[in-house]
file input.txt (compact mmCIF, C-alpha atoms)
# COMPACT_ATOMS: atom_id res chain seq x y z
CA MET A 1 106.32 79.56 162.42
CA ILE A 2 102.89 77.99 161.98
CA LYS A 3 102.22 75.17 164.43
CA THR A 4 99.75 72.42 163.52
CA ASP A 5 99.06 68.71 163.90
CA VAL A 6 99.60 67.71 160.29
CA ILE A 7 101.21 69.48 157.35
CA ILE A 8 99.56 68.26 154.16
CA ILE A 9 101.57 68.69 150.98
CA GLY A 10 99.24 68.74 147.98
CA ALA A 11 95.63 69.91 147.70
CA GLY A 12 94.46 67.28 145.24
CA PRO A 13 91.50 65.01 146.03
CA VAL A 14 93.52 62.81 148.37
CA GLY A 15 95.03 65.76 150.27
CA LEU A 16 91.54 67.22 150.63
CA PHE A 17 90.05 64.00 151.97
CA ALA A 18 92.97 63.73 154.40
CA ILE A 19 91.79 67.05 155.90
CA HIS A 20 88.44 65.37 156.52
CA GLN A 21 89.83 62.23 158.08
CA LEU A 22 92.13 64.27 160.34
CA GLY A 23 89.38 66.79 161.08
CA ILE A 24 86.87 64.28 162.36
CA LYS A 25 89.56 63.02 164.74
CA GLY A 26 90.01 66.56 166.03
CA LEU A 27 93.33 67.16 164.32
CA LYS A 28 94.24 70.46 162.65
CA SER A 29 96.03 70.60 159.36
CA GLU A 30 97.64 73.18 157.09
CA VAL A 31 97.77 72.53 153.35
CA ILE A 32 100.49 73.66 150.96
CA ASP A 33 100.17 73.46 147.17
CA ASN A 34 102.15 74.92 144.30
CA LEU A 35 99.01 75.58 142.26
CA ASP A 36 96.76 78.58 142.82
CA ARG A 37 93.72 76.53 143.88
CA ALA A 38 92.62 73.17 145.22
CA GLY A 39 92.00 70.11 143.07
CA GLY A 40 95.40 68.99 141.81
CA GLN A 41 95.36 66.86 138.68
CA CYS A 42 91.55 66.71 138.80
CA ILE A 43 91.28 70.42 138.25
CA GLU A 44 94.39 71.06 136.14
CA LEU A 45 94.34 68.08 133.81
CA TYR A 46 90.75 66.94 133.52
CA PRO A 47 88.25 69.39 135.08
CA ASP A 48 85.61 68.47 132.48
CA LYS A 49 86.36 64.78 132.06
CA PRO A 50 83.91 62.46 133.79
CA ILE A 51 85.25 60.06 136.42
CA TYR A 52 83.29 56.82 136.83
CA ASP A 53 84.97 55.03 139.71
CA ILE A 54 84.31 57.11 142.79
CA PRO A 55 82.27 54.85 145.09
CA ALA A 56 78.56 55.81 145.19
CA ILE A 57 79.06 58.57 142.61
CA PRO A 58 78.22 57.01 139.25
CA GLU A 59 79.67 59.92 137.31
CA CYS A 60 81.31 63.23 138.17
CA THR A 61 83.87 65.55 136.61
CA GLY A 62 87.20 66.46 138.17
CA GLU A 63 85.79 69.86 139.00
CA GLU A 64 82.64 68.45 140.65
CA LEU A 65 84.70 66.03 142.70
CA THR A 66 86.90 68.88 143.91
CA ASP A 67 83.93 71.11 144.72
CA ASN A 68 82.26 68.33 146.70
CA LEU A 69 85.41 67.57 148.65
CA LEU A 70 85.79 71.25 149.49
CA LYS A 71 82.20 71.28 150.72
CA GLN A 72 82.85 68.17 152.80
CA ILE A 73 85.86 69.73 154.55
CA ALA A 74 84.35 73.21 154.97
CA PRO A 75 83.53 72.64 158.69
CA PHE A 76 87.22 72.28 159.52
CA LYS A 77 88.11 75.79 158.27
CA THR A 78 91.51 74.64 157.06
CA ASN A 79 94.19 77.09 155.93
CA PHE A 80 95.44 76.64 152.38
CA HIS A 81 98.81 78.01 151.31
CA PHE A 82 98.64 78.17 147.52
CA ASN A 83 101.35 79.11 145.02
CA GLU A 84 103.92 77.72 147.42
CA ARG A 85 106.14 74.73 147.04
CA VAL A 86 107.67 72.89 149.99
CA ASN A 87 111.40 73.15 149.53
CA GLU A 88 112.82 71.87 152.81
CA VAL A 89 111.86 69.27 155.39
CA LYS A 90 113.94 69.04 158.57
CA GLN A 91 113.63 67.05 161.76
CA ASP A 92 113.37 68.86 165.09
CA GLU A 93 113.21 66.23 167.85
CA GLY A 94 109.71 64.72 167.57
CA ASN A 95 108.56 67.33 165.05
CA TRP A 96 109.09 68.17 161.45
CA ILE A 97 109.84 71.67 160.20
CA VAL A 98 108.79 72.51 156.67
CA LYS A 99 109.95 75.56 154.70
CA THR A 100 108.21 76.75 151.55
CA SER A 101 109.32 78.67 148.47
CA LYS A 102 107.90 81.79 150.09
CA ASP A 103 110.01 81.19 153.22
CA LYS A 104 106.96 80.33 155.29
CA LYS A 105 107.76 77.86 158.09
CA PHE A 106 105.56 75.18 159.59
CA ILE A 107 106.08 72.81 162.50
CA ALA A 108 104.12 69.62 163.17
CA PRO A 109 104.63 66.06 164.39
CA ASN A 110 103.24 64.78 161.08
CA ILE A 111 103.62 65.44 157.37
CA MET A 112 101.30 63.88 154.82
CA ILE A 113 102.70 63.98 151.32
CA ALA A 114 99.77 63.82 148.92
CA GLY A 115 101.80 65.22 146.08
CA GLY A 116 100.53 63.21 143.10
CA VAL A 117 103.34 63.20 140.57
CA GLY A 118 104.99 66.27 142.05
CA SER A 119 104.32 69.96 141.69
CA PHE A 120 102.82 71.48 138.58
CA GLU A 121 104.99 73.87 136.62
CA PRO A 122 104.50 75.45 133.21
CA ARG A 123 105.99 73.51 130.34
CA LYS A 124 108.85 75.68 129.09
CA LEU A 125 110.15 76.41 125.62
CA ASN A 126 112.88 74.02 124.64
CA LEU A 127 115.22 76.36 122.78
CA LYS A 128 118.51 76.98 124.59
CA GLU A 129 118.35 80.72 123.94
CA ALA A 130 114.91 80.88 125.56
CA GLN A 131 116.30 80.65 129.08
CA LYS A 132 117.93 84.09 129.17
CA PHE A 133 114.68 85.77 128.17
CA GLU A 134 112.42 83.96 130.64
CA GLU A 135 110.45 86.28 132.93
CA LYS A 136 111.84 89.25 130.93
CA SER A 137 110.34 88.76 127.50
CA ILE A 138 109.24 85.13 127.53
CA PHE A 139 106.26 84.36 129.77
CA TYR A 140 104.21 81.26 130.53
CA SER A 141 101.33 83.15 132.09
CA VAL A 142 100.00 86.69 132.14
CA LYS A 143 99.99 88.20 135.59
CA ASN A 144 99.98 91.91 134.84
CA LYS A 145 98.33 92.93 131.57
CA GLU A 146 100.02 96.35 131.63
CA LYS A 147 103.34 94.74 130.67
CA PHE A 148 101.79 93.54 127.44
CA LYS A 149 100.63 96.88 126.02
CA ASP A 150 101.83 98.31 122.69
CA LYS A 151 104.09 95.37 121.93
CA TYR A 152 104.64 92.82 119.19
CA ILE A 153 103.56 89.60 120.90
CA SER A 154 104.00 86.10 119.51
CA ILE A 155 101.72 83.60 121.21
CA PHE A 156 102.38 79.85 120.98
CA GLY A 157 99.79 77.16 121.64
CA GLY A 158 96.44 75.93 120.40
CA GLY A 159 94.31 75.72 123.51
CA ASP A 160 92.11 78.04 125.52
CA SER A 161 94.93 79.97 127.20
CA ALA A 162 96.57 80.80 123.87
CA LEU A 163 93.27 81.81 122.26
CA ASP A 164 91.93 83.78 125.23
CA TRP A 165 95.10 85.83 125.61
CA ALA A 166 95.45 86.36 121.85
CA LEU A 167 91.98 87.85 121.88
CA GLU A 168 92.44 89.92 125.03
CA LEU A 169 95.89 91.31 124.22
CA SER A 170 94.94 92.10 120.61
CA LYS A 171 93.11 95.13 122.03
CA THR A 172 96.40 96.80 122.88
CA SER A 173 99.14 94.94 120.98
CA LYS A 174 100.07 93.32 117.67
CA ILE A 175 99.43 89.61 118.06
CA THR A 176 100.76 86.67 116.07
CA LEU A 177 99.22 83.35 117.06
CA ILE A 178 101.40 80.35 116.18
CA HIS A 179 100.39 76.70 116.39
CA ARG A 180 101.90 73.42 115.22
CA ARG A 181 98.76 72.37 113.34
CA SER A 182 95.92 74.18 111.65
CA GLU A 183 93.21 73.07 114.07
CA PHE A 184 92.84 74.88 117.36
CA ARG A 185 91.24 73.20 120.34
CA GLY A 186 90.02 76.23 122.27
CA ALA A 187 86.38 77.26 122.71
CA PRO A 188 84.69 77.64 119.28
CA HIS A 189 83.29 81.12 119.99
CA THR A 190 86.74 82.44 120.93
CA LEU A 191 88.17 80.93 117.78
CA ALA A 192 85.41 82.52 115.68
CA GLU A 193 86.20 85.88 117.28
CA ILE A 194 89.90 85.46 116.48
CA LYS A 195 89.22 84.47 112.86
CA LYS A 196 87.18 87.66 112.55
CA LEU A 197 90.08 89.74 113.85
CA GLU A 198 92.41 87.91 111.48
CA LYS A 199 90.27 89.01 108.54
CA GLN A 200 90.44 92.58 109.81
CA GLY A 201 94.24 92.30 109.99
CA LYS A 202 94.33 92.66 113.77
CA ILE A 203 95.65 89.20 114.59
CA PHE A 204 98.00 87.11 112.45
CA ILE A 205 97.64 83.34 112.58
CA LYS A 206 100.57 81.14 111.54
CA THR A 207 100.07 77.38 111.18
CA PRO A 208 101.32 74.69 110.97
CA CYS A 209 104.61 75.81 112.37
CA GLN A 210 106.84 75.77 115.41
CA LEU A 211 109.38 78.09 116.98
CA ASN A 212 112.79 77.72 115.36
CA THR A 213 115.03 80.46 116.75
CA ILE A 214 114.87 83.57 118.91
CA GLU A 215 116.99 86.55 117.96
CA GLY A 216 118.17 89.34 120.21
CA GLU A 217 120.74 90.06 122.89
CA SER A 218 119.20 91.45 126.06
CA GLU A 219 115.78 91.86 124.48
CA ILE A 220 114.02 89.80 121.85
CA LYS A 221 114.13 91.44 118.42
CA SER A 222 112.49 88.79 116.29
CA ILE A 223 111.79 85.10 116.07
CA GLU A 224 111.92 82.58 113.28
CA ILE A 225 109.21 80.02 112.86
CA LYS A 226 109.50 76.89 110.76
CA TYR A 227 106.58 75.52 108.76
CA GLU A 228 105.95 71.83 108.23
CA ASN A 229 107.37 72.20 104.71
CA GLU A 230 110.62 73.55 106.26
CA LYS A 231 109.93 77.10 105.10
CA ILE A 232 111.23 79.68 107.58
CA GLU A 233 109.51 82.95 108.40
CA LYS A 234 110.82 85.84 110.49
CA ILE A 235 108.39 87.62 112.80
CA LYS A 236 109.04 90.89 114.61
CA THR A 237 108.56 90.10 118.28
CA ASP A 238 109.06 91.87 121.61
CA ILE A 239 107.37 89.28 123.80
CA ILE A 240 106.77 85.55 123.53
CA LEU A 241 103.87 83.98 125.38
CA SER A 242 103.96 80.20 125.45
CA PHE A 243 101.00 78.09 126.51
CA PHE A 244 101.90 74.41 126.43
CA GLY A 245 100.15 73.45 129.61
CA LEU A 246 101.64 72.20 132.83
CA ILE A 247 104.09 69.46 133.60
CA MET A 248 104.53 67.66 136.87
CA LYS A 249 107.92 67.73 138.54
CA LEU A 250 108.82 65.75 141.61
CA GLY A 251 111.13 68.57 142.67
CA PRO A 252 112.70 68.69 146.14
CA ILE A 253 110.73 65.66 147.50
CA ALA A 254 113.55 63.46 146.21
CA GLU A 255 115.99 65.19 148.58
CA TRP A 256 114.20 64.55 151.87
CA GLY A 257 115.88 61.24 152.58
CA LEU A 258 112.79 59.16 151.89
CA ASN A 259 113.07 55.71 150.37
CA MET A 260 111.93 56.05 146.78
CA ASP A 261 111.19 53.83 143.80
CA LYS A 262 111.57 55.90 140.65
CA LYS A 263 109.23 58.83 141.24
CA THR A 264 107.21 57.28 144.05
CA ILE A 265 107.74 57.14 147.80
CA LEU A 266 107.86 53.72 149.44
CA VAL A 267 105.44 53.27 152.34
CA ASN A 268 104.14 50.41 154.45
CA ALA A 269 100.58 49.38 153.69
CA ASN A 270 99.46 49.48 157.35
CA ASN A 271 99.54 53.23 157.89
CA PHE A 272 101.32 54.55 154.80
CA GLN A 273 104.26 55.84 156.79
CA THR A 274 107.55 56.28 154.93
CA ASN A 275 110.95 55.27 156.29
CA LYS A 276 110.81 58.47 158.40
CA ASP A 277 108.48 58.33 161.42
CA GLY A 278 105.80 60.96 161.07
CA ILE A 279 106.13 61.40 157.32
CA PHE A 280 103.35 59.70 155.39
CA ALA A 281 102.80 59.44 151.65
CA ILE A 282 99.32 58.89 150.24
CA GLY A 283 97.70 58.92 146.82
CA ASP A 284 99.53 58.59 143.51
CA ILE A 285 102.90 59.46 145.00
CA CYS A 286 103.13 56.43 147.29
CA SER A 287 103.93 52.89 146.38
CA TYR A 288 103.58 49.53 148.12
CA PRO A 289 102.87 46.02 146.85
CA GLY A 290 99.59 46.07 144.94
CA LYS A 291 99.30 49.88 144.85
CA LEU A 292 96.67 51.19 142.44
CA LYS A 293 96.76 54.81 141.32
CA LEU A 294 93.07 55.38 141.93
CA ILE A 295 91.46 58.24 143.80
CA LEU A 296 89.55 55.76 145.94
CA SER A 297 92.80 54.07 146.98
CA GLY A 298 94.12 57.46 148.02
CA PHE A 299 91.03 58.03 150.19
CA HIS A 300 91.65 54.72 151.98
CA GLU A 301 95.31 55.61 152.48
CA ALA A 302 94.32 59.00 153.94
CA ALA A 303 91.97 57.35 156.44
CA LEU A 304 94.55 54.87 157.71
CA ALA A 305 97.42 57.37 157.83
CA SER A 306 95.26 59.79 159.83
CA VAL A 307 94.99 57.25 162.68
CA GLU A 308 98.76 57.10 163.06
CA CYS A 309 98.89 60.91 162.82
CA PHE A 310 96.48 61.07 165.75
CA LYS A 311 98.66 58.77 167.86
CA ARG A 312 101.72 60.93 167.15
CA ALA A 313 99.95 64.26 167.67
CA ARG A 314 98.11 63.18 170.86
CA PRO A 315 100.48 60.74 172.55
CA ASN A 316 98.63 61.07 175.87
CA GLU A 317 95.16 60.36 174.48
CA LYS A 318 93.78 57.01 173.56
CA TYR A 319 92.64 56.67 169.96
CA ARG A 320 89.04 55.55 169.70
CA PHE A 321 87.55 54.46 166.41
CA GLU A 322 84.19 56.15 165.84
CA PHE A 323 81.48 56.25 163.18
CA THR A 324 80.21 59.55 161.74
CA THR A 325 76.65 58.23 162.04
CA SER A 326 76.79 57.85 165.80
CA SER A 327 79.72 59.80 167.27
CA LYS A 328 78.75 62.99 169.08
CA ASN A 329 82.37 64.12 168.95
CA ILE A 330 82.52 63.83 165.20
CA GLN A 331 79.16 65.50 164.75
CA GLN A 332 80.32 68.42 166.90
CA ARG A 333 83.47 68.73 164.81
CA LEU A 334 81.32 68.75 161.70
CA GLY A 335 79.30 71.57 163.21
CA LEU A 336 76.13 69.47 163.35
CA LYS A 337 75.74 69.43 167.14
CA LYS A 338 76.50 72.10 169.71
CA GLU A 339 78.70 71.10 172.66
CA ASP A 340 75.81 71.17 175.13
CA ASP A 341 73.39 69.17 172.94
CA MET B 1 102.98 38.82 122.65
CA ALA B 2 104.76 41.37 120.49
CA LYS B 3 108.37 42.43 120.18
CA ILE B 4 108.75 46.19 120.33
CA THR B 5 111.91 48.12 119.59
CA PHE B 6 112.47 51.46 121.28
CA THR B 7 115.19 53.58 119.73
CA ASP B 8 116.40 56.54 121.72
CA LYS B 9 117.61 59.83 120.30
CA SER B 10 121.22 58.71 120.21
CA GLY B 11 120.25 55.63 118.19
CA VAL B 12 120.49 53.01 120.95
CA LYS B 13 117.94 50.25 120.34
CA ARG B 14 116.17 48.33 123.10
CA LYS B 15 113.96 45.38 122.22
CA VAL B 16 111.34 44.16 124.67
CA GLU B 17 108.51 41.64 124.63
CA VAL B 18 105.11 42.91 125.63
CA ASN B 19 101.94 40.92 126.23
CA ASN B 20 98.90 41.57 124.07
CA GLY B 21 96.42 43.91 125.67
CA LEU B 22 99.04 46.06 127.37
CA THR B 23 99.90 49.47 125.99
CA VAL B 24 103.26 50.36 124.51
CA MET B 25 103.69 52.74 127.47
CA GLU B 26 103.11 49.92 129.98
CA GLY B 27 105.55 47.74 128.06
CA ALA B 28 108.14 50.50 128.31
CA VAL B 29 107.60 51.20 132.00
CA ARG B 30 107.69 47.51 132.98
CA ASN B 31 110.93 47.05 131.10
CA ASN B 32 112.54 50.24 132.40
CA ILE B 33 112.87 51.81 128.98
CA PRO B 34 114.44 55.24 129.52
CA GLY B 35 112.74 58.19 127.87
CA ILE B 36 109.16 57.22 128.70
CA ASP B 37 108.01 59.13 131.79
CA ALA B 38 104.26 58.40 131.77
CA ASP B 39 103.62 60.82 134.61
CA CYS B 40 99.83 60.57 134.55
CA GLY B 41 99.83 56.79 134.41
CA GLY B 42 98.01 56.47 131.10
CA SER B 43 95.02 58.77 131.56
CA MET B 44 96.02 60.81 128.49
CA ALA B 45 96.63 63.87 130.61
CA CYS B 46 100.34 64.62 130.40
CA ALA B 47 102.03 63.79 127.05
CA THR B 48 105.13 62.38 128.74
CA CYS B 49 104.94 58.96 127.03
CA HIS B 50 105.29 60.57 123.62
CA VAL B 51 106.91 58.46 120.87
CA TYR B 52 107.51 58.71 117.14
CA VAL B 53 106.09 55.68 115.37
CA GLU B 54 108.03 54.37 112.37
CA GLU B 55 106.09 55.21 109.20
CA LYS B 56 105.34 51.64 108.14
CA TRP B 57 103.58 50.92 111.43
CA LEU B 58 101.41 54.03 111.52
CA ASN B 59 98.51 52.57 109.55
CA LYS B 60 98.47 49.40 111.67
CA ILE B 61 97.61 51.41 114.76
CA SER B 62 94.12 52.75 115.37
CA LYS B 63 93.97 56.46 114.62
CA ALA B 64 94.56 58.97 117.40
CA GLU B 65 91.37 60.45 118.78
CA ASP B 66 91.01 64.22 119.15
CA ALA B 67 91.92 64.24 122.83
CA GLU B 68 95.20 62.49 122.06
CA ILE B 69 96.04 64.93 119.26
CA ASP B 70 95.25 67.83 121.60
CA MET B 71 97.60 66.35 124.16
CA ILE B 72 100.35 65.85 121.56
CA ASP B 73 100.24 69.64 121.05
CA MET B 74 101.83 69.86 124.48
CA ALA B 75 104.55 67.29 123.81
CA TYR B 76 108.22 68.01 123.24
CA GLU B 77 108.91 68.41 119.50
CA PRO B 78 105.77 66.84 118.08
CA LYS B 79 105.94 65.49 114.55
CA LYS B 80 103.50 63.97 112.08
CA ASN B 81 104.24 60.47 113.38
CA SER B 82 103.87 61.46 117.03
CA ARG B 83 101.69 59.29 119.25
CA LEU B 84 101.15 58.84 122.94
CA SER B 85 102.38 55.35 123.72
CA CYS B 86 99.69 54.90 126.39
CA GLN B 87 97.12 54.87 123.60
CA ILE B 88 98.73 52.13 121.50
CA ILE B 89 97.42 48.75 122.59
CA ILE B 90 99.55 45.75 121.70
CA ASP B 91 98.14 42.94 119.57
CA GLU B 92 99.58 40.30 117.21
CA GLN B 93 99.56 42.79 114.35
CA LEU B 94 102.04 44.99 116.15
CA ASP B 95 104.69 42.31 116.57
CA GLY B 96 107.90 44.02 115.49
CA LEU B 97 106.69 47.57 116.16
CA GLU B 98 109.40 50.20 116.11
CA VAL B 99 109.17 53.53 117.88
CA THR B 100 111.64 56.27 118.68
CA THR B 101 111.63 58.18 121.95
CA PRO B 102 112.06 61.96 121.74
CA GLY B 103 115.06 63.85 123.13
CA LYS B 104 113.06 64.42 126.30
CA GLN B 105 109.51 64.28 127.53
CA ASN B 106 109.12 67.74 129.03

call {"tool": "encode", "arguments": {"input": "input.txt", "output": "structure tokens"}}
result
Amino acid sequence: MIKTDVIIIGAGPVGLFAIHQLGIKGLKSEVIDNLDRAGGQCIELYPDKPIYDIPAIPECTGEELTDNLLKQIAPFKTNFHFNERVNEVKQDEGNWIVKTSKDKKFIAPNIMIAGGVGSFEPRKLNLKEAQKFEEKSIFYSVKNKEKFKDKYISIFGGGDSALDWALELSKTSKITLIHRRSEFRGAPHTLAEIKKLEKQGKIFIKTPCQLNTIEGESEIKSIEIKYENEKIEKIKTDIILSFFGLIMKLGPIAEWGLNMDKKTILVNANNFQTNKDGIFAIGDICSYPGKLKLILSGFHEAALASVECFKRARPNEKYRFEFTTSSKNIQQRLGLKKEDD
Amino acid sequence: MAKITFTDKSGVKRKVEVNNGLTVMEGAVRNNIPGIDADCGGSMACATCHVYVEEKWLNKISKAEDAEIDMIDMAYEPKKNSRLSCQIIIDEQLDGLEVTTPGKQN
């Protein structure tokens, strides 16, 4: 069991800034996120898109914003638990116990849910028969390349993941790349490389078409794809790789007994606490009258919620509001001043 | 103000009135139209407000930009008349617009 002051669920921009606001108050936090890195929607959905409404930063991309936040919280040496989803939240007297998908347990007086629209999961194929092949011969990511050697692989998608893996796996397998339209949106040089291999007969490209059926009992034997003009083509296939990006799923959050409005958690606008004392919701996932789904609003929510977290985590200490420009305590916590300065 | 009709996969029609300047997605969300998830809130990052626009209305709507078409690649069962409803802004011309929501958004 990992003991801390605040368990932060979600490592998006708002979760990251919460680490800062807690850290300067001397509170420790542990962060859990279902993705494999920090940044949330900023890094998964729009790493290259400029954002224009971060105060005092006229323009930055999702990736730059994430990198800067990580730099800002570096002094607090926070532990991140990636590729884990929080499945259970239980009360234990004045504390909360959180259990993740990897059976890791945490205990803290406070939980900050900065979960955006929920956890990111790969968008799955919609055919009914796809389910029984998932993780056996249908994959949404490539973790171990060895599995994909000397096979007939049908790859679906038109973006970078589809193109990159088509290129990489074509070295050891027969690749068919299938996309719903004739234009691909991956990096031009990758596409050029693939077109070259197509001419050499090493990769087959099928457009504009979509998956129609999957045939096979315990293993996939072949698939049928359907062209826009309704023509059907059969393709020998051992493995399907499908790259249709990520979707956001609220997941188990809905089962924690929190008051919700559709997919958002209701909070008060004083400290962003939910109907459960010690559970806070900040960023896109919370709602209150006038809520705006802006990163800057999430930062404000993180700052106010962190004050209440302090009061709950340090019931015997008095909370004192301090400025980073003048507080010796804060500057020590930021590693700027030694204790005996 | 424009009247918009949302037809779901089973054929149920829901007619709502939406102010000019709002998007079709916002009109759907404000009127609790089922079948429009709009997870990303209209930042063209999720393809969960996907609709099929009735043919006769297609040319009255400004063309989809590349980023929208890229996003539609990710949508559930995209078709030629697929659009993201967060990118269709209501004006007088769209009074009477008819769209169909897909079987699901994910």

call {"tool": "residues_around", "arguments": {"input": "input.txt", "residues": "segment 28-37 of chain B", "least_positions_apart": "2", "cutoff": "12 Å", "atoms": "all atoms listed in the file", "output": "ChimeraX atom specification"}}
result
/A:117,247-250,262-263 /B:3-10,12-19,22-26,39-42,46-52,75-76,84-86,88,90,99-106

call {"tool": "atom_distance", "arguments": {"input": "input.txt", "atom1": "atom CA of Gly12 of chain A", "atom2": "atom CA of Leu125 of chain A"}}
result
26.7 Å

call {"tool": "residues_near_point", "arguments": {"input": "input.txt", "point": "(96.1, 71.0, 122.5)", "cutoff": "10 Å", "atoms": "only C-alpha atoms", "output": "list of chain:residue names"}}
result
A:Gly157, A:Gly158, A:Gly159, A:Asp160, A:Ala162, A:His179, A:Arg180, A:Arg181, A:Glu183, A:Phe184, A:Arg185, A:Gly186, A:Phe243, A:Phe244, A:Gly245, B:Asp66, B:Ala67, B:Glu68, B:Ile69, B:Asp70, B:Met71, B:Ile72, B:Asp73, B:Met74, B:Ala75

call {"tool": "atom_distance", "arguments": {"input": "input.txt", "atom1": "atom CA of Thr78 of chain A", "atom2": "atom CA of Lys293 of chain A"}}
result
25.9 Å

call {"tool": "closest_residue", "arguments": {"input": "input.txt", "among": "A:Ile330, A:Ile240, A:Ile138, A:Cys209", "to": "chain B", "atoms": "only C-alpha atoms"}}
result
A:Cys209

call {"tool": "atom_distance", "arguments": {"input": "input.txt", "atom1": "atom CA of Leu65 of chain A", "atom2": "atom CA of Ile253 of chain A"}}
result
26.5 Å

call {"tool": "closest_residue", "arguments": {"input": "input.txt", "among": "A:Ile32, A:Ile73, A:Leu191, A:Met112", "to": "Gly283 of chain A", "atoms": "all atoms listed in the file"}}
result
A:Met112

call {"tool": "residues_around", "arguments": {"input": "input.txt", "residues": "segment 231-238 of chain A", "least_positions_apart": "5", "cutoff": "6 Å", "atoms": "all atoms listed in the file", "output": "list in words"}}
result
Tyr152, Ile153, Ile220, Lys221, Ser222, Ile223, Glu224, Ile225 and Lys226 of chain A

call {"tool": "closest_residue", "arguments": {"input": "input.txt", "among": "A:Glu134, A:Glu322, A:Glu228, A:Glu146", "to": "chain B", "atoms": "all atoms listed in the file"}}
result
A:Glu228
